[in-house]
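Raw contents of upload34.pdb, PDB, C-alpha atoms:
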ATOM      1  CA  MET E  16      10.709  29.692  10.332  1.00  0.00           C
ATOM      2  CA  ILE E  17       9.747  26.165  11.341  1.00  0.00           C
ATOM      3  CA  LEU E  18       7.356  25.811   8.397  1.00  0.00           C
ATOM      4  CA  ASP E  19      10.331  26.121   6.052  1.00  0.00           C
ATOM      5  CA  ALA E  20      11.485  22.708   7.281  1.00  0.00           C
ATOM      6  CA  PHE E  21       8.356  21.171   5.743  1.00  0.00           C
ATOM      7  CA  ASN E  22       8.888  22.827   2.342  1.00  0.00           C
ATOM      8  CA  LEU E  23       9.769  20.288  -0.361  1.00  0.00           C
ATOM      9  CA  GLN E  24      10.169  22.803  -3.185  1.00  0.00           C
ATOM     10  CA  GLY E  25      12.302  21.407  -5.999  1.00  0.00           C
ATOM     11  CA  LYS E  26      12.562  17.878  -4.579  1.00  0.00           C
ATOM     12  CA  VAL E  27      11.842  14.845  -6.749  1.00  0.00           C
ATOM     13  CA  ALA E  28       9.686  12.139  -5.176  1.00  0.00           C
ATOM     14  CA  MET E  29       8.979   8.678  -6.575  1.00  0.00           C
ATOM     15  CA  VAL E  30       5.710   7.115  -5.396  1.00  0.00           C
ATOM     16  CA  THR E  31       4.868   3.517  -6.270  1.00  0.00           C
ATOM     17  CA  GLY E  32       1.235   2.482  -6.555  1.00  0.00           C
ATOM     18  CA  CYS E  33      -0.275   5.960  -6.771  1.00  0.00           C
ATOM     19  CA  ASN E  34      -3.208   5.367  -9.106  1.00  0.00           C
ATOM     20  CA  THR E  35      -5.757   5.361  -6.257  1.00  0.00           C
ATOM     21  CA  GLY E  36      -6.165   5.525  -2.486  1.00  0.00           C
ATOM     22  CA  LEU E  37      -3.251   6.117  -0.157  1.00  0.00           C
ATOM     23  CA  GLY E  38      -0.670   6.363  -2.938  1.00  0.00           C
ATOM     24  CA  GLN E  39      -2.650   8.981  -4.807  1.00  0.00           C
ATOM     25  CA  SER E  40      -3.163  11.020  -1.655  1.00  0.00           C
ATOM     26  CA  MET E  41       0.559  10.947  -0.821  1.00  0.00           C
ATOM     27  CA  ALA E  42       1.590  11.805  -4.385  1.00  0.00           C
ATOM     28  CA  LEU E  43      -0.742  14.823  -4.453  1.00  0.00           C
ATOM     29  CA  ALA E  44       0.386  15.973  -0.999  1.00  0.00           C
ATOM     30  CA  LEU E  45       4.041  15.806  -1.992  1.00  0.00           C
ATOM     31  CA  ALA E  46       3.287  17.780  -5.147  1.00  0.00           C
ATOM     32  CA  GLU E  47       1.409  20.399  -3.112  1.00  0.00           C
ATOM     33  CA  ALA E  48       4.437  20.651  -0.818  1.00  0.00           C
ATOM     34  CA  GLY E  49       6.637  21.469  -3.827  1.00  0.00           C
ATOM     35  CA  CYS E  50       7.804  18.112  -5.201  1.00  0.00           C
ATOM     36  CA  LYS E  51       8.107  16.960  -8.739  1.00  0.00           C
ATOM     37  CA  VAL E  52       6.491  13.533  -8.628  1.00  0.00           C
ATOM     38  CA  VAL E  53       7.293  10.279 -10.408  1.00  0.00           C
ATOM     39  CA  GLY E  54       4.360   7.873 -10.314  1.00  0.00           C
ATOM     40  CA  VAL E  55       5.097   4.164 -10.748  1.00  0.00           C
ATOM     41  CA  ASN E  56       2.099   1.973 -11.590  1.00  0.00           C
ATOM     42  CA  ARG E  57       1.239  -1.199 -13.484  1.00  0.00           C
ATOM     43  CA  SER E  58      -1.433   0.639 -15.488  1.00  0.00           C
ATOM     44  CA  SER E  59      -2.151   4.250 -16.319  1.00  0.00           C
ATOM     45  CA  PRO E  60      -3.128   6.239 -13.188  1.00  0.00           C
ATOM     46  CA  ILE E  61      -5.902   8.039 -15.016  1.00  0.00           C
ATOM     47  CA  GLU E  62      -7.476   9.804 -12.029  1.00  0.00           C
ATOM     48  CA  THR E  63      -4.114  10.805 -10.552  1.00  0.00           C
ATOM     49  CA  LEU E  64      -2.973  12.170 -13.910  1.00  0.00           C
ATOM     50  CA  GLU E  65      -6.138  14.260 -14.161  1.00  0.00           C
ATOM     51  CA  LYS E  66      -5.626  15.700 -10.668  1.00  0.00           C
ATOM     52  CA  MET E  67      -1.929  16.412 -11.259  1.00  0.00           C
ATOM     53  CA  ASN E  68      -2.587  18.074 -14.603  1.00  0.00           C
ATOM     54  CA  ALA E  69      -5.474  20.145 -13.235  1.00  0.00           C
ATOM     55  CA  ALA E  70      -3.198  21.531 -10.510  1.00  0.00           C
ATOM     56  CA  GLU E  71      -0.301  21.958 -12.995  1.00  0.00           C
ATOM     57  CA  HIS E  72       2.057  19.768 -10.964  1.00  0.00           C
ATOM     58  CA  ASP E  73       5.146  18.196 -12.552  1.00  0.00           C
ATOM     59  CA  PHE E  74       4.307  14.501 -12.861  1.00  0.00           C
ATOM     60  CA  LEU E  75       6.196  11.738 -14.668  1.00  0.00           C
ATOM     61  CA  ASP E  76       4.049   8.662 -15.367  1.00  0.00           C
ATOM     62  CA  LEU E  77       6.030   5.381 -15.449  1.00  0.00           C
ATOM     63  CA  ARG E  78       4.957   1.737 -15.887  1.00  0.00           C
ATOM     64  CA  ALA E  79       6.313  -1.176 -13.859  1.00  0.00           C
ATOM     65  CA  ASP E  80       5.147  -4.537 -12.552  1.00  0.00           C
ATOM     66  CA  LEU E  81       6.822  -4.989  -9.170  1.00  0.00           C
ATOM     67  CA  VAL E  82       5.968  -8.687  -8.913  1.00  0.00           C
ATOM     68  CA  THR E  83       9.502  -8.976 -10.327  1.00  0.00           C
ATOM     69  CA  GLN E  84      12.503  -6.683 -10.060  1.00  0.00           C
ATOM     70  CA  ASP E  85      13.061  -6.497 -13.830  1.00  0.00           C
ATOM     71  CA  ASP E  86      11.684  -2.975 -14.248  1.00  0.00           C
ATOM     72  CA  ILE E  87      13.520  -1.367 -11.334  1.00  0.00           C
ATOM     73  CA  PRO E  88      16.702  -0.167 -13.135  1.00  0.00           C
ATOM     74  CA  GLN E  89      14.760   1.643 -15.864  1.00  0.00           C
ATOM     75  CA  LEU E  90      12.637   3.464 -13.282  1.00  0.00           C
ATOM     76  CA  ILE E  91      15.711   5.233 -11.934  1.00  0.00           C
ATOM     77  CA  GLU E  92      17.151   5.815 -15.413  1.00  0.00           C
ATOM     78  CA  LYS E  93      13.955   7.449 -16.659  1.00  0.00           C
ATOM     79  CA  THR E  94      13.592   9.550 -13.510  1.00  0.00           C
ATOM     80  CA  LEU E  95      17.134  10.882 -13.815  1.00  0.00           C
ATOM     81  CA  ALA E  96      16.733  11.510 -17.541  1.00  0.00           C
ATOM     82  CA  HIS E  97      13.569  13.537 -16.912  1.00  0.00           C
ATOM     83  CA  PHE E  98      14.249  15.337 -13.617  1.00  0.00           C
ATOM     84  CA  GLY E  99      18.015  14.922 -13.134  1.00  0.00           C
ATOM     85  CA  GLN E 100      17.803  13.702  -9.521  1.00  0.00           C
ATOM     86  CA  ILE E 101      15.745  11.812  -6.974  1.00  0.00           C
ATOM     87  CA  ASP E 102      15.291  12.866  -3.355  1.00  0.00           C
ATOM     88  CA  ILE E 103      12.374  10.890  -1.923  1.00  0.00           C
ATOM     89  CA  LEU E 104      11.058   7.350  -2.389  1.00  0.00           C
ATOM     90  CA  ILE E 105       7.624   6.251  -1.190  1.00  0.00           C
ATOM     91  CA  ASN E 106       7.329   2.463  -1.308  1.00  0.00           C
ATOM     92  CA  ASN E 107       3.544   2.224  -1.371  1.00  0.00           C
ATOM     93  CA  ALA E 108       2.834  -0.461  -4.000  1.00  0.00           C
ATOM     94  CA  GLY E 109       1.315  -3.525  -2.417  1.00  0.00           C
ATOM     95  CA  ILE E 110      -1.074  -6.401  -2.997  1.00  0.00           C
ATOM     96  CA  ILE E 111      -3.090  -8.676  -0.724  1.00  0.00           C
ATOM     97  CA  ARG E 112      -4.484 -12.189  -1.127  1.00  0.00           C
ATOM     98  CA  ARG E 113      -7.104 -13.619   1.258  1.00  0.00           C
ATOM     99  CA  GLU E 114      -7.445 -17.322   2.013  1.00  0.00           C
ATOM    100  CA  ASP E 115      -7.441 -19.582   5.056  1.00  0.00           C
ATOM    101  CA  ALA E 116      -3.879 -20.409   6.071  1.00  0.00           C
ATOM    102  CA  VAL E 117      -4.518 -24.148   5.643  1.00  0.00           C
ATOM    103  CA  ASP E 118      -5.445 -23.592   1.973  1.00  0.00           C
ATOM    104  CA  PHE E 119      -3.063 -20.736   1.089  1.00  0.00           C
ATOM    105  CA  SER E 120      -1.236 -21.308  -2.214  1.00  0.00           C
ATOM    106  CA  GLU E 121       2.460 -20.916  -2.913  1.00  0.00           C
ATOM    107  CA  GLN E 122       1.666 -18.579  -5.816  1.00  0.00           C
ATOM    108  CA  ASP E 123      -0.319 -16.236  -3.576  1.00  0.00           C
ATOM    109  CA  TRP E 124       2.510 -16.339  -1.050  1.00  0.00           C
ATOM    110  CA  ASP E 125       5.191 -15.522  -3.616  1.00  0.00           C
ATOM    111  CA  ASP E 126       3.252 -12.769  -5.409  1.00  0.00           C
ATOM    112  CA  VAL E 127       2.526 -10.854  -2.210  1.00  0.00           C
ATOM    113  CA  MET E 128       6.045 -11.249  -0.795  1.00  0.00           C
ATOM    114  CA  ASN E 129       7.615 -10.200  -4.106  1.00  0.00           C
ATOM    115  CA  VAL E 130       5.660  -6.949  -4.391  1.00  0.00           C
ATOM    116  CA  ASN E 131       5.373  -5.975  -0.741  1.00  0.00           C
ATOM    117  CA  SER E 132       8.866  -6.750   0.531  1.00  0.00           C
ATOM    118  CA  LYS E 133      11.311  -8.015  -2.112  1.00  0.00           C
ATOM    119  CA  SER E 134      10.753  -5.284  -4.708  1.00  0.00           C
ATOM    120  CA  LEU E 135      10.506  -2.713  -1.901  1.00  0.00           C
ATOM    121  CA  PHE E 136      14.010  -3.675  -0.782  1.00  0.00           C
ATOM    122  CA  PHE E 137      15.612  -3.735  -4.212  1.00  0.00           C
ATOM    123  CA  LEU E 138      14.018  -0.463  -5.314  1.00  0.00           C
ATOM    124  CA  SER E 139      15.215   1.097  -2.060  1.00  0.00           C
ATOM    125  CA  GLN E 140      18.682  -0.288  -2.721  1.00  0.00           C
ATOM    126  CA  VAL E 141      18.898   1.296  -6.175  1.00  0.00           C
ATOM    127  CA  VAL E 142      17.544   4.620  -4.908  1.00  0.00           C
ATOM    128  CA  ALA E 143      19.929   4.611  -1.927  1.00  0.00           C
ATOM    129  CA  LYS E 144      22.870   4.138  -4.297  1.00  0.00           C
ATOM    130  CA  GLN E 145      21.687   7.201  -6.212  1.00  0.00           C
ATOM    131  CA  PHE E 146      21.271   9.188  -2.975  1.00  0.00           C
ATOM    132  CA  ILE E 147      24.845   8.305  -2.026  1.00  0.00           C
ATOM    133  CA  LYS E 148      26.089   9.281  -5.490  1.00  0.00           C
ATOM    134  CA  GLN E 149      24.288  12.641  -5.282  1.00  0.00           C
ATOM    135  CA  GLY E 150      25.868  13.253  -1.875  1.00  0.00           C
ATOM    136  CA  LYS E 151      22.872  15.062  -0.337  1.00  0.00           C
ATOM    137  CA  GLY E 152      21.092  12.212   1.419  1.00  0.00           C
ATOM    138  CA  GLY E 153      17.432  11.460   0.897  1.00  0.00           C
ATOM    139  CA  LYS E 154      14.227  10.059   2.347  1.00  0.00           C
ATOM    140  CA  ILE E 155      12.742   6.584   1.995  1.00  0.00           C
ATOM    141  CA  ILE E 156       9.250   5.985   3.376  1.00  0.00           C
ATOM    142  CA  ASN E 157       7.875   2.468   3.389  1.00  0.00           C
ATOM    143  CA  ILE E 158       4.189   1.738   3.810  1.00  0.00           C
ATOM    144  CA  ALA E 159       3.769  -0.853   6.538  1.00  0.00           C
ATOM    145  CA  SER E 160       0.474  -1.941   8.128  1.00  0.00           C
ATOM    146  CA  MET E 161      -1.309  -2.764  11.360  1.00  0.00           C
ATOM    147  CA  LEU E 162      -0.293  -6.301  10.385  1.00  0.00           C
ATOM    148  CA  SER E 163       3.324  -5.297  10.882  1.00  0.00           C
ATOM    149  CA  PHE E 164       2.343  -5.489  14.576  1.00  0.00           C
ATOM    150  CA  GLN E 165      -0.402  -8.120  14.555  1.00  0.00           C
ATOM    151  CA  GLY E 166      -1.212 -11.462  12.956  1.00  0.00           C
ATOM    152  CA  GLY E 167      -4.439 -10.782  11.113  1.00  0.00           C
ATOM    153  CA  ILE E 168      -6.893 -13.324   9.732  1.00  0.00           C
ATOM    154  CA  ARG E 169      -6.726 -15.121   6.354  1.00  0.00           C
ATOM    155  CA  VAL E 170      -3.801 -13.008   5.072  1.00  0.00           C
ATOM    156  CA  PRO E 171      -0.632 -14.949   6.005  1.00  0.00           C
ATOM    157  CA  SER E 172       1.589 -13.671   3.198  1.00  0.00           C
ATOM    158  CA  TYR E 173       0.427 -10.076   3.690  1.00  0.00           C
ATOM    159  CA  THR E 174       1.206 -10.290   7.409  1.00  0.00           C
ATOM    160  CA  ALA E 175       4.621 -11.784   6.667  1.00  0.00           C
ATOM    161  CA  SER E 176       5.391  -9.137   4.044  1.00  0.00           C
ATOM    162  CA  LYS E 177       4.347  -6.202   6.202  1.00  0.00           C
ATOM    163  CA  SER E 178       6.252  -7.560   9.199  1.00  0.00           C
ATOM    164  CA  ALA E 179       9.244  -7.689   6.862  1.00  0.00           C
ATOM    165  CA  VAL E 180       8.646  -4.068   5.857  1.00  0.00           C
ATOM    166  CA  MET E 181       8.983  -2.912   9.467  1.00  0.00           C
ATOM    167  CA  GLY E 182      12.131  -4.982   9.952  1.00  0.00           C
ATOM    168  CA  LEU E 183      13.678  -3.825   6.673  1.00  0.00           C
ATOM    169  CA  THR E 184      12.947  -0.221   7.606  1.00  0.00           C
ATOM    170  CA  LYS E 185      15.120  -0.631  10.690  1.00  0.00           C
ATOM    171  CA  ALA E 186      17.818  -2.584   8.875  1.00  0.00           C
ATOM    172  CA  MET E 187      18.160  -0.083   6.025  1.00  0.00           C
ATOM    173  CA  ALA E 188      18.101   2.857   8.436  1.00  0.00           C
ATOM    174  CA  ASN E 189      20.944   1.321  10.447  1.00  0.00           C
ATOM    175  CA  GLU E 190      23.202   1.138   7.397  1.00  0.00           C
ATOM    176  CA  TRP E 191      22.208   4.281   5.521  1.00  0.00           C
ATOM    177  CA  ALA E 192      21.722   6.918   8.231  1.00  0.00           C
ATOM    178  CA  LYS E 193      25.448   7.761   7.986  1.00  0.00           C
ATOM    179  CA  TYR E 194      24.762   8.948   4.421  1.00  0.00           C
ATOM    180  CA  ASN E 195      21.976  11.294   5.640  1.00  0.00           C
ATOM    181  CA  ILE E 196      19.397   8.871   4.283  1.00  0.00           C
ATOM    182  CA  ASN E 197      16.358   8.632   6.532  1.00  0.00           C
ATOM    183  CA  VAL E 198      14.439   5.360   6.226  1.00  0.00           C
ATOM    184  CA  ASN E 199      11.121   5.275   8.053  1.00  0.00           C
ATOM    185  CA  ALA E 200       7.690   3.724   7.616  1.00  0.00           C
ATOM    186  CA  ILE E 201       4.039   4.614   7.988  1.00  0.00           C
ATOM    187  CA  ALA E 202       1.655   1.942   9.255  1.00  0.00           C
ATOM    188  CA  PRO E 203      -1.860   2.923   8.206  1.00  0.00           C
ATOM    189  CA  GLY E 204      -4.707   1.716  10.349  1.00  0.00           C
ATOM    190  CA  TYR E 205      -7.979   0.573   8.850  1.00  0.00           C
ATOM    191  CA  MET E 206      -8.324   2.822   5.815  1.00  0.00           C
ATOM    192  CA  ALA E 207     -11.338   3.113   3.537  1.00  0.00           C
ATOM    193  CA  THR E 208      -9.665   2.053   0.265  1.00  0.00           C
ATOM    194  CA  ASN E 209     -10.205  -0.564  -2.432  1.00  0.00           C
ATOM    195  CA  ASN E 210      -7.918  -2.975  -0.517  1.00  0.00           C
ATOM    196  CA  THR E 211     -10.348  -3.013   2.414  1.00  0.00           C
ATOM    197  CA  ALA E 212     -13.605  -3.020   0.449  1.00  0.00           C
ATOM    198  CA  ALA E 213     -14.364  -6.608   1.474  1.00  0.00           C
ATOM    199  CA  LEU E 214     -13.917  -5.800   5.158  1.00  0.00           C
ATOM    200  CA  GLN E 215     -16.093  -2.690   4.928  1.00  0.00           C
ATOM    201  CA  ALA E 216     -18.817  -4.719   3.214  1.00  0.00           C
ATOM    202  CA  ASP E 217     -18.749  -7.424   5.898  1.00  0.00           C
ATOM    203  CA  GLU E 218     -21.214  -6.071   8.437  1.00  0.00           C
ATOM    204  CA  ALA E 219     -19.914  -8.067  11.396  1.00  0.00           C
ATOM    205  CA  ARG E 220     -16.212  -7.410  10.702  1.00  0.00           C
ATOM    206  CA  ASN E 221     -16.865  -3.730  10.004  1.00  0.00           C
ATOM    207  CA  ALA E 222     -18.642  -3.357  13.343  1.00  0.00           C
ATOM    208  CA  SER E 223     -15.879  -5.148  15.259  1.00  0.00           C
ATOM    209  CA  ILE E 224     -13.223  -2.957  13.641  1.00  0.00           C
ATOM    210  CA  LEU E 225     -15.011   0.310  14.386  1.00  0.00           C
ATOM    211  CA  GLU E 226     -15.635  -0.789  17.961  1.00  0.00           C
ATOM    212  CA  ARG E 227     -11.879  -0.910  18.580  1.00  0.00           C
ATOM    213  CA  ILE E 228     -10.916   2.397  16.926  1.00  0.00           C
ATOM    214  CA  PRO E 229     -10.981   5.258  19.479  1.00  0.00           C
ATOM    215  CA  ALA E 230     -11.507   7.754  16.647  1.00  0.00           C
ATOM    216  CA  GLU E 231     -14.717   5.811  15.814  1.00  0.00           C
ATOM    217  CA  ARG E 232     -14.186   5.921  12.048  1.00  0.00           C
ATOM    218  CA  TRP E 233     -12.212   4.341   9.248  1.00  0.00           C
ATOM    219  CA  GLY E 234      -9.239   6.378   8.144  1.00  0.00           C
ATOM    220  CA  THR E 235      -9.150   8.149   4.803  1.00  0.00           C
ATOM    221  CA  PRO E 236      -6.310   8.502   2.288  1.00  0.00           C
ATOM    222  CA  GLU E 237      -6.030  12.160   3.322  1.00  0.00           C
ATOM    223  CA  ASP E 238      -5.105  11.067   6.854  1.00  0.00           C
ATOM    224  CA  ILE E 239      -1.807   9.726   5.465  1.00  0.00           C
ATOM    225  CA  ALA E 240      -0.865  12.899   3.565  1.00  0.00           C
ATOM    226  CA  GLY E 241       0.467  14.940   6.487  1.00  0.00           C
ATOM    227  CA  PRO E 242       2.618  12.183   8.015  1.00  0.00           C
ATOM    228  CA  CYS E 243       4.068  11.462   4.566  1.00  0.00           C
ATOM    229  CA  VAL E 244       5.057  15.083   3.952  1.00  0.00           C
ATOM    230  CA  PHE E 245       6.523  15.294   7.463  1.00  0.00           C
ATOM    231  CA  LEU E 246       8.717  12.193   7.063  1.00  0.00           C
ATOM    232  CA  ALA E 247       9.797  13.370   3.599  1.00  0.00           C
ATOM    233  CA  SER E 248      10.857  16.777   4.913  1.00  0.00           C
ATOM    234  CA  GLU E 249      13.823  18.218   6.793  1.00  0.00           C
ATOM    235  CA  ALA E 250      11.607  18.339   9.883  1.00  0.00           C
ATOM    236  CA  ALA E 251      12.203  14.570  10.146  1.00  0.00           C
ATOM    237  CA  ASN E 252      15.984  14.664   9.715  1.00  0.00           C
ATOM    238  CA  TYR E 253      16.689  12.939  13.046  1.00  0.00           C
ATOM    239  CA  ILE E 254      14.068  10.193  12.717  1.00  0.00           C
ATOM    240  CA  ASN E 255      15.556   6.881  11.598  1.00  0.00           C
ATOM    241  CA  GLY E 256      14.114   3.386  11.409  1.00  0.00           C
ATOM    242  CA  TYR E 257      10.770   4.270  12.967  1.00  0.00           C
ATOM    243  CA  THR E 258       7.327   2.997  11.967  1.00  0.00           C
ATOM    244  CA  LEU E 259       4.668   5.634  12.583  1.00  0.00           C
ATOM    245  CA  ALA E 260       1.183   4.242  13.169  1.00  0.00           C
ATOM    246  CA  VAL E 261      -1.592   6.367  11.668  1.00  0.00           C
ATOM    247  CA  ASP E 262      -4.454   4.349  13.030  1.00  0.00           C
ATOM    248  CA  GLY E 263      -7.018   6.456  14.887  1.00  0.00           C
ATOM    249  CA  GLY E 264      -5.736   4.907  18.120  1.00  0.00           C
ATOM    250  CA  TRP E 265      -6.181   1.229  17.112  1.00  0.00           C
ATOM    251  CA  LEU E 266      -2.884   0.079  18.663  1.00  0.00           C
ATOM    252  CA  ALA E 267      -3.478   2.105  21.813  1.00  0.00           C
ATOM    253  CA  ARG E 268      -6.783   0.343  22.586  1.00  0.00           C
TER     254      ARG E 268
END
Once more with this new file: its structure as structure tokens, please.
Amino acid sequence: MILDAFNLQGKVAMVTGCNTGLGQSMALALAEAGCKVVGVNRSSPIETLEKMNAAEHDFLDLRADLVTQDDIPQLIEKTLAHFGQIDILINNAGIIRREDAVDFSEQDWDDVMNVNSKSLFFLSQVVAKQFIKQGKGGKIINIASMLSFQGGIRVPSYTASKSAVMGLTKAMANEWAKYNINVNAIAPGYMATNNTAALQADEARNASILERIPAERWGTPEDIAGPCVFLASEAANYINGYTLAVDGGWLAR
């Protein structure tokens, strides 16, 4: 049965930045599809924990600050100690800083690049080594952005970091596909989350954004859940290095 290819029963998925929004939605969807989930956050994901516990999902709550790579080794160690394996990595953690390019600070540049691209790469590297050691392959899903394709306004480091995410997705896929490791990305369109609260509150920008979206609405975290489960499943075994836009038609306009 084709639906069996989407079944993730018994898999272990690590999701970074799953305390709210897109990360929370993906973590819950993976759990509903059968995964044991490892949540990686800077602070306690209180709401996600409540939802996981209410549904009696297996959830391991880990702390890490991905502005540096210092915490990455212990994330894998604790995951293996608790669940014995890892099968899926969702690189969702990300930050954004807004300022005119002429005034943008080096600190804001470095912080965004470190979380959104540098830590993404080095966490993927450690997980890929474990996939290779386990000998069964695995799935890595990076969260890109519309700004992987476009320049944006007042977010130079975010644009640079998300452009890097799309490039790294291809580069890692090229090297790791031979190990049955699928590396792909999801590029969310304009999603109603805390990261876009300022845009939603700006009446003029909100109107201009909605005018360009054929679906005529902002996306929701739930819109990312299905694509995430698909790319994490055996149904996506022959997809490598691709960035899937989930954007209500934004790029098609």
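Among the candidates E:Leu225, E:Asp118, E:Asn22, E:Pro242, the one nearest to Arg169 of chain E when counting all atoms listed in the file is E:Asp118.
When only C-alpha atoms are used to measure the gap to Gln24 of chain E, the shortest distance among E:Val244, E:Ala219, E:Ala213, E:Ala159 belongs to E:Val244.
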Hits from the PyMOL selection byres ((chain E and resi 214) around 12), listed as a ChimeraX atom specification: /E:113,168-169,205-213,215-225,233
Result set, the PyMOL selection byres ((chain E and resi 160-162) around 12) on current file, as a ChimeraX atom specification: /E:107,109,111,131,157-159,163-181,200-206,258-267
Shell of 7 Å around segment 193-197 of chain E, all atoms listed in the file, local chain residues under 6 positions omitted, as a ChimeraX atom specification: /E:147,152-155,252,254-255
Limited to C-alpha atoms, could you put the picked residues into a file as a PDB file, in the coordinates of the input?
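The result, stored in again_38.pdb:
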ATOM      1  CA  ILE E 147      24.845   8.305  -2.026  1.00  0.00           C
ATOM      2  CA  GLY E 152      21.092  12.212   1.419  1.00  0.00           C
ATOM      3  CA  GLY E 153      17.432  11.460   0.897  1.00  0.00           C
ATOM      4  CA  LYS E 154      14.227  10.059   2.347  1.00  0.00           C
ATOM      5  CA  ILE E 155      12.742   6.584   1.995  1.00  0.00           C
ATOM      6  CA  ASN E 252      15.984  14.664   9.715  1.00  0.00           C
ATOM      7  CA  ILE E 254      14.068  10.193  12.717  1.00  0.00           C
ATOM      8  CA  ASN E 255      15.556   6.881  11.598  1.00  0.00           C
TER       9      ASN E 255
END
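For the structure in this document, the set picked by the PyMOL selection byres ((chain E and resi 145) around 12) is Pro88, Ile91, Glu92, Thr94, Leu95, Gly99, Gln100, Ile101, Asp102, Ile103, Leu104, Leu138, Ser139, Gln140, Val141, Val142, Ala143, Lys144, Phe146, Ile147, Lys148, Gln149, Gly150, Lys151, Gly152, Gly153, Lys154, Tyr194 and Ile196 of chain E.
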Who sits within 10 Å of Arg78 of chain E, all atoms listed in the file, same chain under 2 positions skipped, as a ChimeraX atom specification: /E:31,54-60,76,80-81,86,89-90
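Taking atom CA of Ile239 of chain E and atom CA of Ala46 of chain E as endpoints, the distance between them is 14.3 Å.
Counting all atoms listed in the file, the residue from E:Leu75, E:Ala230, E:Val117, E:Val130 that sits nearest to Val30 of chain E is E:Leu75.
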Polymer residues at most 7 Å from Ala250 of chain E, all atoms listed in the file, same-chain spacing of 4 or more positions, as a PyMOL selection string: chain E and resi 20-21+245
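Proximity ranking of E:Ala96, E:Cys33, E:Val27, E:Ala108 relative to Val52 of chain E places E:Val27 first, based on all atoms listed in the file.
Distances here use all atoms listed in the file; by that measure, the residue among E:Ser132, E:Gln84, E:Ser248, E:Gln39 closest to Leu23 of chain E is E:Ser248.
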d(atom CA of Ala240 of chain E, atom CA of Ile228 of chain E) in Å: 19.7 Å
Two-atom distance - atom CA of Ile156 of chain E, atom CA of Met67 of chain E (Å): 21.2 Å
Quick one: residues within 8 Å of Asn129 of chain E, all atoms listed in the file, excluding same-chain residues fewer than 3 positions away - as a JSON list (two decimals) with C-alpha atoms, in the frame of the given file?
[["chain", "number", "residue", "atom", "x", "y", "z"],
["E", 81, "LEU", "CA", 6.82, -4.99, -9.17],
["E", 82, "VAL", "CA", 5.97, -8.69, -8.91],
["E", 83, "THR", "CA", 9.50, -8.98, -10.33],
["E", 125, "ASP", "CA", 5.19, -15.52, -3.62],
["E", 126, "ASP", "CA", 3.25, -12.77, -5.41],
["E", 132, "SER", "CA", 8.87, -6.75, 0.53],
["E", 133, "LYS", "CA", 11.31, -8.02, -2.11],
["E", 134, "SER", "CA", 10.75, -5.28, -4.71]]
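Across E:Ser40, E:Glu65, E:Gly32, E:Asp73, the tightest approach to Ile110 of chain E is made by E:Gly32 when counting all atoms listed in the file.
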For Glu71 of chain E: contacts at 12 Å, all atoms listed in the file, fewer than 5 positions along chain excluded, given as a list of chain:residue names: E:Leu43, E:Ala46, E:Glu47, E:Gly49, E:Cys50, E:Lys51, E:Val52, E:Leu64, E:Glu65, E:Lys66
Axis-aligned box over every listed atom of segment 53-66 of chain E, padded by 6 Å per side: centre and edges in Å to one decimal, as JSON?
{"center_x": -0.1, "center_y": 7.3, "center_z": -13.3, "size_x": 26.8, "size_y": 28.9, "size_z": 18.0}
